[in-house]
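As structure tokens, the structure follows; a few thoughts come after it.
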Amino acid sequence: MISLDSITVSYGGFTLLDEVSLHIGDRDRIGLVGKNGAGKSTMLKLIMELQSPTSGKITRTTDQRIGYLPQIMEHNRGRTVLEEVMTVYDDIERMSRRIDEISLELAERTDYESDSYHRLMVELNEVNDRLVILQGDAPEESVERTLLGLGFKKSEFSRMTETFSQGWNMRIELAKILLRHPDVLLLDEPTNHLDIESIQWLEDYLRNSFNGALVLISHDRRFLDNCTTRTVEVMLGHLYDYKVPYTQYVELRKERIAQQKAAYLNQQRMIEKTEEFIERFRYKPTKSNQVQSRVKQLERIERIEIDDEDLSAIHVKFPPAPRSGDVAFEVKDAVIGYPGKTVLDGANLIVRRGEKVAFVGRNGEGKTTMMRVLIGELEPFSGEAKVGYNVDIGYYAQNQEDVLDKKATVYDTLDRIAVGDIRMKLRDILAAFLFKGEDIDKKVAVLSGGERSRLAMAKLMLKAHNLLALDEPTNHMDIRSKDILKQALQAYDGTIIVVSHDRDFLNGLVDKVYEFIDGKVKEHLGGVDDFLRRKKAESFRDIEAAPARAGAAQEVKPEASQPKQEYHQQKQLSREEKRAKNRQNQLEKQIAELEAKMGDIEKILAAPEPGADIMELTRQYLELKRDLDSKMDEWASL
């Protein structure tokens, strides 16, 4: 269907793709993987003829319909969401006119055996087939189903496209692409601006409804595993093709490299012994035949080579966090939103020094809004939201496209905000984030999404913050960079608040989860796995795709399709969770009282008055501490 034959792409003295070949069949499901900047997006542009190769040939089937979703795109303005998506069906009128034109011409011609007559017949059949596909469902129903699946609400269909963020406009473009029913889908990181429910919908569509070829660039392991059956790795200008999904590819790749290294070492030992024999007996007449035989053997041997590996990686180590107050961020009974729209009503949360907290939930439920409250861009309508004593916030915004100055160079981006001695280390910091040599003089406008993410993360290194507020930090990051960032955040000694829908990234990183759902904020103690177990789901997709519940303690009512045993188990679990929650609240009050008493004693011990019984106060303090430790242990277990 699509063939890339001996394709080379070079820029000056740098070769991005070196004589690579790839065949994409009619039903292939290909995951295109590799580091940021390896050439994945370039390959999609080559297929779309948006870029020309330095050498090589690209072959596509005639009249092939390709749907292409780039990472960054321009969006149309001046129409409502519904009007913009309905432009897909403008093709119906054009096709109908073309069918009439061909039919009229065929009726007037009599050269039935000619090539031109045959070509008209073929075109008529193809246009008819495409028209049948587009007219399969009522256009309005198809558009509504697709938009709802991608996360839009019916009330938003009449909003102008320019009132939506870039991420939501990307969904509009994706809806248009899917509704055209292409033969081939080229998707460049489609999940970056989707919430988990929409990812689930797109995943289901690609698996169950789309029958064409798929080439997918994504850094979401689970999405790749569920949507692809073949993995093509782009590394150091070469392609490595595996006929398996991503997770199996990782294992096969390890095995292939290990086997190559073992075979290489064995061959090197054999060559070394052979050369040693030749050198030892080269001048002995009795061994001349054997020496000549060994020389010819070495000449004939096919030398084993180990595939080059790109082992370059970002190096992230956040500066030590200055000490802040015990409470880093607290919200009490807050009503939060924008003029004319309330997003959160009665929100309560508390983040203490050193905690690593995740905000999870559907897009539009208020996660980023709460981040804006945290950094001071938004004030609650009522209630209270305050940042703790001596808290210094390092903020990573979700959409670096809007935050970074596109006209500035990579170096200037850091140089504008760096102060003091750190300015002497800017090149070293940029090198740690893989900006080396001429890369630092690139304009931000030409950087890929992954490169912009790395640059924004480098900005956080310029100052020692004690609270990192990260809004979707792994969007556009390749899988290796995500893992390295996670390790750096695990080692960071400050407070972290992170918005993410990436379970692999959050797992093992956070110790508390705040769920944003139906205008409320719900606290879940423990990590992501604990949160998922409480929700009785295996993944975030299951949670966010499930109907919203009125509350964690609400009694579960039996349904016709629900077995009685399961109902009673859920009801019993609900009661146990309610008792645990009540005990947890009780313990929190007792802990607060104990800490207050200990605080009073600490004040006296810090400046004892004449006649104060220091020994008795110390004994009371130690008893209170033992009681506090016991209650803290019980609270933690709950």
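Just so we're on the same page: first chain in the structure tokens is A, next is B, and so on; residues restart at 1 for each chain, and ligands are numbered from 1 in the order they show up.
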Could you name the residues that touch stretch 478-490 of chain A at 9 Å or less, counting only C-alpha atoms, but leaving out those on the same chain fewer than 3 positions away, as number ranges by chain?
-> A: 33-36, 218-221, 313-318, 356, 450, 454, 473-475, 493, 496, 505-506, 508-510
List the neighbours of A:Val127 out to 12 Å using only C-alpha atoms; skip same-chain residues closer than 6 positions along the sequence, and give me the result as a list in words.
-> Asp63, Gln64, Arg65, Asp91, Ile92, Glu93, Arg94, Met95, Ser96, Arg97, Arg98, Ile99, Asp100, Glu101, Ile102, Ser103, Leu120, Met121, Ile133 and Leu134 of chain A
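DSSP on the backbone gives strand (DSSP E or B) for these parts of stretch 51-238 of chain A: Ser55, Gly56, Lys57, Ile58, Thr59, Arg60, Ile66, Gly67, Tyr68, Leu69, Thr80, Met160, Val184, Leu185, Leu186, Leu187, Asp188, Ala213, Leu214, Val215, Leu216, Ile217, Arg230, Thr231, Val232, Glu233, Val234, Met235 and His238 of chain A.
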Can you list, as a ChimeraX atom specification, every protein, DNA or RNA residue that comes within 9 Å of stretch 41-49 of chain A when you count only C-alpha atoms, leaving out same-chain residues fewer than 6 positions away?
-> /A:2-4,9,17,58-60,66,68,70-71,186-188,215,217
Selection export as an mmCIF file, in the first residue's frame, atoms kept: N, CA and C atoms:
```cif
data_model
loop_
_atom_site.group_PDB
_atom_site.id
_atom_site.type_symbol
_atom_site.label_atom_id
_atom_site.label_comp_id
_atom_site.auth_asym_id
_atom_site.auth_seq_id
_atom_site.Cartn_x
_atom_site.Cartn_y
_atom_site.Cartn_z
ATOM 1 N N ILE A 2 1.813 1.337 0.961
ATOM 2 C CA ILE A 2 2.771 2.442 1.007
ATOM 3 C C ILE A 2 4.156 1.836 1.176
ATOM 4 N N SER A 3 5.102 2.259 0.336
ATOM 5 C CA SER A 3 6.464 1.733 0.432
ATOM 6 C C SER A 3 7.461 2.882 0.492
ATOM 7 N N LEU A 4 8.362 2.801 1.433
ATOM 8 C CA LEU A 4 9.501 3.710 1.515
ATOM 9 C C LEU A 4 10.730 2.875 1.166
ATOM 10 N N VAL A 9 17.392 11.031 4.596
ATOM 11 C CA VAL A 9 17.071 12.432 4.893
ATOM 12 C C VAL A 9 18.278 13.036 5.583
ATOM 13 N N LEU A 17 17.884 10.028 8.602
ATOM 14 C CA LEU A 17 17.488 8.684 8.179
ATOM 15 C C LEU A 17 18.459 8.224 7.100
ATOM 16 N N ILE A 58 9.318 7.012 -2.539
ATOM 17 C CA ILE A 58 8.114 6.712 -1.760
ATOM 18 C C ILE A 58 6.981 6.402 -2.734
ATOM 19 N N THR A 59 6.364 5.235 -2.547
ATOM 20 C CA THR A 59 5.297 4.799 -3.445
ATOM 21 C C THR A 59 3.986 4.677 -2.678
ATOM 22 N N ARG A 60 2.936 5.291 -3.215
ATOM 23 C CA ARG A 60 1.611 5.208 -2.609
ATOM 24 C C ARG A 60 0.605 4.756 -3.649
ATOM 25 N N ILE A 66 -5.655 9.241 3.007
ATOM 26 C CA ILE A 66 -4.817 9.197 4.201
ATOM 27 C C ILE A 66 -5.294 10.262 5.186
ATOM 28 N N TYR A 68 -4.188 12.305 8.447
ATOM 29 C CA TYR A 68 -2.924 12.646 9.112
ATOM 30 C C TYR A 68 -3.178 13.639 10.241
ATOM 31 N N PRO A 70 -0.976 15.677 12.785
ATOM 32 C CA PRO A 70 0.366 16.053 13.243
ATOM 33 C C PRO A 70 0.362 16.431 14.721
ATOM 34 N N GLN A 71 1.567 16.559 15.271
ATOM 35 C CA GLN A 71 1.698 16.941 16.678
ATOM 36 C C GLN A 71 1.192 18.355 16.912
ATOM 37 N N LEU A 186 -2.420 8.159 9.999
ATOM 38 C CA LEU A 186 -1.107 8.516 10.521
ATOM 39 C C LEU A 186 -1.330 9.437 11.718
ATOM 40 N N LEU A 187 -1.088 8.938 12.926
ATOM 41 C CA LEU A 187 -1.377 9.694 14.147
ATOM 42 C C LEU A 187 -0.083 9.970 14.907
ATOM 43 N N ASP A 188 0.232 11.242 15.074
ATOM 44 C CA ASP A 188 1.454 11.655 15.761
ATOM 45 C C ASP A 188 1.113 12.107 17.174
ATOM 46 N N VAL A 215 -0.498 3.891 11.392
ATOM 47 C CA VAL A 215 0.872 4.168 11.828
ATOM 48 C C VAL A 215 0.761 5.155 12.983
ATOM 49 N N ILE A 217 2.416 7.096 16.376
ATOM 50 C CA ILE A 217 3.513 7.547 17.241
ATOM 51 C C ILE A 217 2.915 7.867 18.596
#
```
Residue set, stretch 415-549 of chain A restricted to alpha helix (DSSP H), as a ChimeraX atom specification | /A:415,426-432,449-459,479-491,503-506,528-534,540-545
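With atom CA of A:Arg130 on one side and atom CA of A:Gly25 on the other, the separation reads 20.1 Å.
When atom CA of A:Arg207 is paired with atom CA of A:Val81, their separation reads 26.1 Å.
Taking only C-alpha atoms into account, A:Glu83 lies nearest to A:Met160 out of the set A:Leu460, A:Met160, A:Leu194, A:Leu628.
If you measure from each of A:Phe433, A:Val351, A:Glu377, A:Ala458 to A:Ala418 using only C-alpha atoms, the closest one turns out to be A:Ala458.
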Please provide as a PyMOL selection string all residues within 10 Å of A:Tyr242, with the sequence filter that same-chain residues fewer than 6 positions apart are discarded (counting only C-alpha atoms).
-> chain A and resi 30-31+229-233+248-250+252-253
Find the residue from A:Pro320, A:Lys603, A:Arg372, A:Gly526 that sits nearest to A:Ala491; use only C-alpha atoms when measuring.
-> A:Pro320
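If you measure from each of A:Leu622, A:Leu178, A:Leu131, A:Val357 to A:Gly527 using only C-alpha atoms, the closest one turns out to be A:Val357.
Atom CA of A:Lys589 to atom CA of A:Ala636 spans 14.3 Å [interatomic distance, one decimal].
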Long-range neighbours of A:Leu605 as a ChimeraX atom specification, 8 Å cut-off, only C-alpha atoms, 4 positions minimum in chain | /A:601,614,617
